[in-house]
>>> print(open('entry27.csv').read())   # CSV, C-alpha atoms and all ligand atoms
chain,number,residue,atom,x,y,z
A,1,MET,CA,-0.8,51.6,19.6
A,2,VAL,CA,-3.8,53.6,18.5
A,3,MET,CA,-3.3,56.8,16.6
A,4,PHE,CA,-5.8,59.5,17.7
A,5,ILE,CA,-6.8,61.7,14.7
A,6,GLY,CA,-8.9,64.8,15.4
A,7,VAL,CA,-10.7,66.4,12.4
A,8,ILE,CA,-11.4,70.0,13.3
A,9,ASN,CA,-12.1,73.5,12.1
A,10,SER,CA,-13.8,76.3,13.8
A,11,LYS,CA,-15.7,77.0,10.6
A,12,GLY,CA,-18.7,74.9,9.6
A,13,GLY,CA,-19.2,73.0,6.4
A,14,THR,CA,-15.6,72.6,5.5
A,15,GLY,CA,-15.7,68.8,5.2
A,16,LYS,CA,-14.9,67.4,8.7
A,17,THR,CA,-17.6,64.8,8.7
A,18,ASN,CA,-16.9,63.7,5.1
A,19,THR,CA,-13.2,63.4,5.9
A,20,CYS,CA,-13.9,61.3,9.0
A,21,ARG,CA,-16.2,58.9,7.0
A,22,SER,CA,-14.0,58.5,4.0
A,23,LEU,CA,-10.7,58.4,5.8
A,24,GLY,CA,-12.0,55.9,8.4
A,25,ARG,CA,-13.5,53.6,5.8
A,26,GLY,CA,-10.3,53.8,3.6
A,27,LEU,CA,-8.1,52.9,6.6
A,28,GLN,CA,-10.4,50.0,7.4
A,29,LYS,CA,-10.2,48.8,3.7
A,30,ARG,CA,-6.4,48.7,4.2
A,31,GLY,CA,-6.8,46.3,7.0
A,32,PHE,CA,-6.6,48.7,10.0
A,33,LYS,CA,-8.9,48.5,13.0
A,34,VAL,CA,-10.7,51.9,13.1
A,35,SER,CA,-13.2,53.4,15.5
A,36,MET,CA,-14.8,56.9,15.4
A,37,ALA,CA,-16.4,59.5,17.6
A,38,ASP,CA,-18.9,62.3,16.9
A,39,CYS,CA,-18.7,65.6,18.9
A,40,ASP,CA,-21.5,67.3,16.9
A,41,PRO,CA,-24.9,67.4,18.7
A,42,GLN,CA,-26.4,67.3,15.2
A,43,ARG,CA,-25.1,63.8,15.1
A,44,ALA,CA,-24.2,63.7,11.3
A,45,LEU,CA,-21.6,61.0,11.7
A,46,MET,CA,-23.8,58.9,14.1
A,47,GLU,CA,-26.8,59.1,11.9
A,48,TRP,CA,-24.8,58.2,8.8
A,49,ARG,CA,-23.5,55.1,10.6
A,50,ALA,CA,-27.0,54.2,11.8
A,51,LYS,CA,-28.4,54.2,8.3
A,52,ASP,CA,-27.3,50.6,8.0
A,53,GLU,CA,-26.8,48.8,11.3
A,54,HIS,CA,-25.4,45.8,9.6
A,55,SER,CA,-22.8,47.8,7.6
A,56,GLU,CA,-19.1,47.1,8.1
A,57,GLN,CA,-18.3,50.8,8.6
A,58,PRO,CA,-16.3,51.7,11.8
A,59,GLU,CA,-18.4,52.0,15.0
A,60,VAL,CA,-19.1,55.6,16.1
A,61,SER,CA,-19.5,56.8,19.7
A,62,MET,CA,-21.3,60.0,20.7
A,63,ILE,CA,-19.2,62.5,22.6
A,64,ASN,CA,-20.7,65.2,24.9
A,65,GLY,CA,-17.7,66.3,26.9
A,66,ARG,CA,-14.2,65.5,28.0
A,67,MET,CA,-15.1,62.4,30.0
A,68,SER,CA,-16.9,60.7,27.2
A,69,LEU,CA,-14.1,61.6,24.8
A,70,LEU,CA,-11.6,60.0,27.2
A,71,GLU,CA,-13.8,56.9,27.6
A,72,ALA,CA,-14.1,56.5,23.8
A,73,ALA,CA,-10.4,57.0,23.4
A,74,GLU,CA,-9.8,54.3,26.1
A,75,ARG,CA,-12.1,51.9,24.3
A,76,ALA,CA,-10.1,52.5,21.1
A,77,GLN,CA,-6.8,51.5,22.7
A,78,GLU,CA,-6.9,48.2,20.9
A,79,ASP,CA,-7.6,49.8,17.5
A,80,ASP,CA,-5.1,51.2,15.0
A,81,PHE,CA,-6.9,54.5,14.4
A,82,PHE,CA,-9.4,56.6,16.4
A,83,LEU,CA,-11.0,59.4,14.4
A,84,VAL,CA,-12.9,62.2,16.1
A,85,ASP,CA,-15.3,64.4,14.1
A,86,GLY,CA,-15.1,67.9,15.7
A,87,LEU,CA,-17.7,70.6,16.2
A,88,ALA,CA,-17.5,73.9,14.3
A,89,GLY,CA,-17.9,77.1,16.4
A,90,ASN,CA,-17.2,75.4,19.7
A,91,PHE,CA,-13.8,76.3,21.1
A,92,GLU,CA,-14.0,74.1,24.2
A,93,ILE,CA,-14.6,70.9,22.2
A,94,THR,CA,-12.0,71.9,19.6
A,95,MET,CA,-9.5,72.5,22.4
A,96,MET,CA,-10.4,69.2,24.0
A,97,ILE,CA,-9.6,67.4,20.8
A,98,VAL,CA,-6.3,69.2,20.1
A,99,GLU,CA,-5.2,68.4,23.7
A,100,ALA,CA,-5.7,64.7,23.1
A,101,ALA,CA,-4.8,64.1,19.5
A,102,ASP,CA,-1.7,62.7,17.9
A,103,LEU,CA,-2.6,64.2,14.5
A,104,VAL,CA,-5.0,67.0,13.8
A,105,ILE,CA,-6.5,67.4,10.3
A,106,LEU,CA,-8.1,70.7,9.3
A,107,PRO,CA,-10.2,70.4,6.2
A,108,VAL,CA,-10.3,73.8,4.5
A,109,GLN,CA,-12.2,74.9,1.4
A,110,PRO,CA,-9.8,76.6,-1.0
A,111,SER,CA,-11.2,80.1,-0.5
A,112,PRO,CA,-9.4,83.1,1.0
A,113,ASP,CA,-12.1,83.7,3.6
A,114,ASP,CA,-11.7,80.2,4.9
A,115,VAL,CA,-7.9,80.6,5.2
A,116,ASN,CA,-8.4,83.9,7.2
A,117,ASP,CA,-10.4,81.9,9.7
A,118,LEU,CA,-7.4,79.6,10.4
A,119,ALA,CA,-5.5,82.0,12.6
A,120,SER,CA,-7.2,81.0,15.8
A,121,MET,CA,-6.8,77.3,15.0
A,122,ALA,CA,-3.1,77.9,14.3
A,123,LYS,CA,-2.7,79.6,17.6
A,124,LEU,CA,-4.4,76.8,19.6
A,125,ILE,CA,-2.3,74.2,17.9
A,126,THR,CA,1.0,76.0,18.4
A,127,MET,CA,0.2,76.5,22.1
A,128,ASN,CA,-0.5,72.8,22.6
A,129,GLN,CA,2.7,71.8,20.7
A,130,ALA,CA,4.7,74.0,23.0
A,131,VAL,CA,3.6,72.0,26.1
A,132,ARG,CA,3.2,68.6,24.4
A,133,GLN,CA,6.6,68.1,22.8
A,134,ASN,CA,5.3,69.2,19.4
A,135,LEU,CA,2.1,67.2,19.5
A,136,PRO,CA,-0.3,67.2,17.9
A,137,VAL,CA,1.1,67.1,14.4
A,138,ALA,CA,-1.3,69.3,12.4
A,139,ARG,CA,-2.0,69.4,8.7
A,140,VAL,CA,-4.5,71.4,6.6
A,141,LEU,CA,-6.4,69.3,4.0
A,142,LEU,CA,-7.7,71.2,1.0
A,143,ASN,CA,-11.2,69.9,0.5
A,144,GLY,CA,-13.7,70.6,-2.2
A,145,VAL,CA,-10.9,71.5,-4.6
A,146,ILE,CA,-11.6,72.4,-8.2
A,147,ARG,CA,-8.8,70.9,-10.2
A,148,ASN,CA,-6.3,73.2,-11.9
A,149,ALA,CA,-7.9,76.4,-10.4
A,150,SER,CA,-5.3,79.1,-10.4
A,151,LEU,CA,-6.3,80.0,-6.9
A,152,ASN,CA,-5.1,76.6,-5.4
A,153,SER,CA,-1.4,77.5,-5.2
A,154,VAL,CA,-2.3,81.0,-3.8
A,155,ILE,CA,-4.3,79.3,-1.1
A,156,ARG,CA,-1.5,76.9,-0.2
A,157,GLU,CA,0.8,79.8,0.3
A,158,ALA,CA,-1.7,81.7,2.4
A,159,VAL,CA,-2.2,78.6,4.7
A,160,GLU,CA,1.6,78.4,5.1
A,161,ASN,CA,1.7,82.1,6.0
A,162,GLU,CA,-0.7,81.3,8.9
A,163,GLY,CA,2.0,78.9,10.2
A,164,LEU,CA,0.3,75.7,9.2
A,165,ALA,CA,1.6,72.8,7.1
A,166,LEU,CA,-0.6,71.2,4.4
A,167,PHE,CA,-1.0,67.6,3.1
A,168,ASP,CA,0.2,67.3,-0.5
A,169,SER,CA,-2.9,65.4,-1.2
A,170,GLU,CA,-6.1,67.3,-2.0
A,171,ILE,CA,-9.7,66.2,-2.0
A,172,VAL,CA,-11.4,67.3,-5.2
A,173,ARG,CA,-15.1,68.4,-5.2
A,174,ARG,CA,-17.2,65.4,-6.2
A,175,GLU,CA,-20.9,64.7,-6.0
A,176,ALA,CA,-20.0,61.1,-5.2
A,177,TYR,CA,-19.4,61.9,-1.5
A,178,ARG,CA,-23.0,63.1,-1.0
A,179,GLN,CA,-24.4,60.2,-3.0
A,180,ALA,CA,-22.4,57.7,-1.0
A,181,ALA,CA,-23.2,59.3,2.4
A,182,ALA,CA,-26.9,59.4,1.6
A,183,ALA,CA,-26.9,55.6,1.1
A,184,GLY,CA,-25.0,55.1,4.4
A,185,GLY,CA,-21.6,54.3,2.8
A,186,THR,CA,-18.6,56.1,1.4
A,187,ILE,CA,-16.8,56.3,-1.9
A,188,TYR,CA,-15.1,53.0,-1.0
A,189,ASP,CA,-18.4,51.2,-1.1
A,190,TYR,CA,-19.8,51.8,-4.6
A,191,THR,CA,-18.6,51.3,-8.1
A,192,GLY,CA,-18.3,54.0,-10.8
A,193,ASP,CA,-15.7,56.5,-12.0
A,194,SER,CA,-16.6,59.3,-9.6
A,195,PHE,CA,-16.4,57.0,-6.6
A,196,THR,CA,-13.1,55.5,-7.8
A,197,SER,CA,-11.6,59.0,-8.3
A,198,GLY,CA,-12.6,59.9,-4.7
A,199,MET,CA,-10.9,56.7,-3.5
A,200,VAL,CA,-7.7,57.8,-5.3
A,201,ASP,CA,-7.8,61.1,-3.5
A,202,PHE,CA,-8.3,59.5,-0.1
A,203,ASP,CA,-5.8,56.7,-0.8
A,204,SER,CA,-3.2,59.4,-1.4
A,205,LEU,CA,-4.1,61.1,1.9
A,206,ILE,CA,-3.9,57.7,3.7
A,207,SER,CA,-0.5,57.0,2.3
A,208,GLU,CA,0.7,60.4,3.6
A,209,ILE,CA,-0.7,59.7,7.1
A,210,ILE,CA,0.8,56.2,7.2
A,211,GLU,CA,4.2,57.5,6.0
A,212,SER,CA,4.1,60.2,8.8
A,213,CYS,CA,3.7,57.4,11.4
A,214,GLN,CA,6.9,55.6,10.2
A,301,LIG,N1,-15.0,67.0,-1.5
A,301,LIG,C1,-16.3,67.2,-1.5
A,301,LIG,N2,-17.0,67.2,-2.6
A,301,LIG,C2,-18.3,67.4,-2.7
A,301,LIG,N3,-19.1,67.5,-1.6
A,301,LIG,C3,-18.4,67.5,-0.4
A,301,LIG,C4,-17.0,67.4,-0.3
A,301,LIG,N4,-16.7,67.4,1.1
A,301,LIG,C5,-17.8,67.6,1.7
A,301,LIG,N5,-18.9,67.7,0.9
A,301,LIG,C6,-20.3,67.9,1.2
A,301,LIG,O1,-20.4,69.3,1.7
A,301,LIG,C7,-21.3,69.3,2.9
A,301,LIG,C8,-20.5,69.7,4.1
A,301,LIG,O2,-19.5,68.7,4.4
A,301,LIG,P1,-19.3,68.1,5.8
A,301,LIG,O3,-20.7,67.8,6.4
A,301,LIG,O4,-18.4,67.0,5.7
A,301,LIG,O5,-18.7,69.4,6.6
A,301,LIG,P2,-18.5,69.6,8.1
A,301,LIG,O6,-17.3,70.4,8.3
A,301,LIG,O7,-18.6,68.3,8.9
A,301,LIG,O8,-19.8,70.5,8.4
A,301,LIG,P3,-20.4,70.9,9.9
A,301,LIG,O9,-19.5,72.0,10.4
A,301,LIG,O10,-21.8,71.4,9.6
A,301,LIG,O11,-20.3,69.7,10.7
A,301,LIG,C9,-21.8,67.9,3.0
A,301,LIG,O12,-23.1,67.8,2.3
A,301,LIG,C10,-20.8,67.0,2.3
A,301,LIG,O13,-21.4,65.8,1.7
A,302,MG,MG,-19.9,67.8,10.4
>>> encode(input="entry27.csv", output="structure tokens")
Amino acid sequence: MVMFIGVINSKGGTGKTNTCRSLGRGLQKRGFKVSMADCDPQRALMEWRAKDEHSEQPEVSMINGRMSLLEAAERAQEDDFFLVDGLAGNFEITMMIVEAADLVILPVQPSPDDVNDLASMAKLITMNQAVRQNLPVARVLLNGVIRNASLNSVIREAVENEGLALFDSEIVRREAYRQAAAAGGTIYDYTGDSFTSGMVDFDSLISEIIESCQ
């Protein structure tokens, strides 16, 4: 059965699209069947996928409302994972994803301002869990982390105080993500230390997600 993963945050630029690309490709590299959907009219995920039409990256569908999301989710029924890239600043689209997802990932930059913005997301998720037998499962993913920064543990505590759980895994800030995306790939597609380190971060996240399914 397919697992529907929504990647959302009401705030822009927190790493939703990067998380979809890297997570989708990493799951695919582990042998899972993966498809994706893009809810952003700026089409970042679609355009990244279109850079190389022959690439092995997961297919991406464009979503412009509830009907097209349901259609894409239905097409994904034979897949193992269906990843949906959300749209910042659009409560309707965010709600539509939360209502349908099994797991919601909220990429958050480790800054106090970004954590303050999580209150509305936490409320939306809690309200859905109340009527959907605790679904979706929701986890904050710290993205763009600077390793060993003293603020990291403070941020984790602040997120928990908003009533949201976090992945243990963190995604460190690395130029490799931009380099890979610019070439139509992900950190899984190129060789070099920075790409490999990014793979280690995403492999850790993938292991947590797979463990949560078992
Ligand atoms: N861990 C990271 N390290 C370095 N750069 C990153 C990282 N995560 C994301 N980025 C870069 O930061 C920018 C914003 O990330 P991304 O586009 O994934 O965010 P988003 O939440 O999808 O933004 P939007 O709300 O505009 O759709 C991109 O240029 C992306 O390549
Ligand atoms: Mg995006």
>>> residues_around(input="entry27.csv", residues="A:Lys33", least_positions_apart="4", cutoff="7 Å", atoms="all atoms listed in the file", output="number ranges by chain")
A: 28, 79-81
>>> axis_aligned_box(input="entry27.csv", around="stretch 67-84 of chain A", padding_each_side="5 Å", output="JSON")
{"center_x": -11.0, "center_y": 55.3, "center_z": 22.2, "size_x": 21.8, "size_y": 24.2, "size_z": 25.6}
>>> residues_near_ligand(input="entry27.csv", ligand="ligand LIG 301 (chain A)", cutoff="9 Å", atoms="all atoms listed in the file", output="compact mmCIF listing (two decimals) with C-alpha atoms, in the coordinates of the input")
# COMPACT_ATOMS: atom_id res chain seq x y z
CA VAL A 7 -10.70 66.40 12.40
CA ILE A 8 -11.40 70.00 13.30
CA ASN A 9 -12.10 73.50 12.10
CA SER A 10 -13.80 76.30 13.80
CA LYS A 11 -15.70 77.00 10.60
CA GLY A 12 -18.70 74.90 9.60
CA GLY A 13 -19.20 73.00 6.40
CA THR A 14 -15.60 72.60 5.50
CA GLY A 15 -15.70 68.80 5.20
CA LYS A 16 -14.90 67.40 8.70
CA THR A 17 -17.60 64.80 8.70
CA ASN A 18 -16.90 63.70 5.10
CA THR A 19 -13.20 63.40 5.90
CA CYS A 20 -13.90 61.30 9.00
CA ARG A 21 -16.20 58.90 7.00
CA ASP A 40 -21.50 67.30 16.90
CA GLN A 42 -26.40 67.30 15.20
CA ARG A 43 -25.10 63.80 15.10
CA ALA A 44 -24.20 63.70 11.30
CA LEU A 45 -21.60 61.00 11.70
CA ASP A 85 -15.30 64.40 14.10
CA GLY A 86 -15.10 67.90 15.70
CA LEU A 87 -17.70 70.60 16.20
CA ALA A 88 -17.50 73.90 14.30
CA GLY A 89 -17.90 77.10 16.40
CA PRO A 107 -10.20 70.40 6.20
CA VAL A 108 -10.30 73.80 4.50
CA GLN A 109 -12.20 74.90 1.40
CA LEU A 142 -7.70 71.20 1.00
CA ASN A 143 -11.20 69.90 0.50
CA GLY A 144 -13.70 70.60 -2.20
CA VAL A 145 -10.90 71.50 -4.60
CA GLU A 170 -6.10 67.30 -2.00
CA ILE A 171 -9.70 66.20 -2.00
CA VAL A 172 -11.40 67.30 -5.20
CA ARG A 173 -15.10 68.40 -5.20
CA ARG A 174 -17.20 65.40 -6.20
CA GLU A 175 -20.90 64.70 -6.00
CA ALA A 176 -20.00 61.10 -5.20
CA TYR A 177 -19.40 61.90 -1.50
CA ARG A 178 -23.00 63.10 -1.00
CA GLN A 179 -24.40 60.20 -3.00
CA ALA A 180 -22.40 57.70 -1.00
CA ALA A 181 -23.20 59.30 2.40
CA ALA A 182 -26.90 59.40 1.60
CA GLY A 198 -12.60 59.90 -4.70
>>> residues_near_point(input="entry27.csv", point="(-10.4, 54.1, 9.2)", cutoff="9 Å", atoms="all atoms listed in the file", output="VMD selection string")
chain A and resid 20 to 36 57 to 58 80 to 83
>>> closest_residue(input="entry27.csv", among="A:Phe91, A:Asn148, A:Ala100, A:Pro41", to="A:Met67", atoms="only C-alpha atoms")
A:Ala100
>>> closest_residue(input="entry27.csv", among="A:Pro110, A:Met199, A:Val137, A:Asp38", to="ligand MG 302 (chain A)", atoms="all atoms listed in the file")
A:Asp38
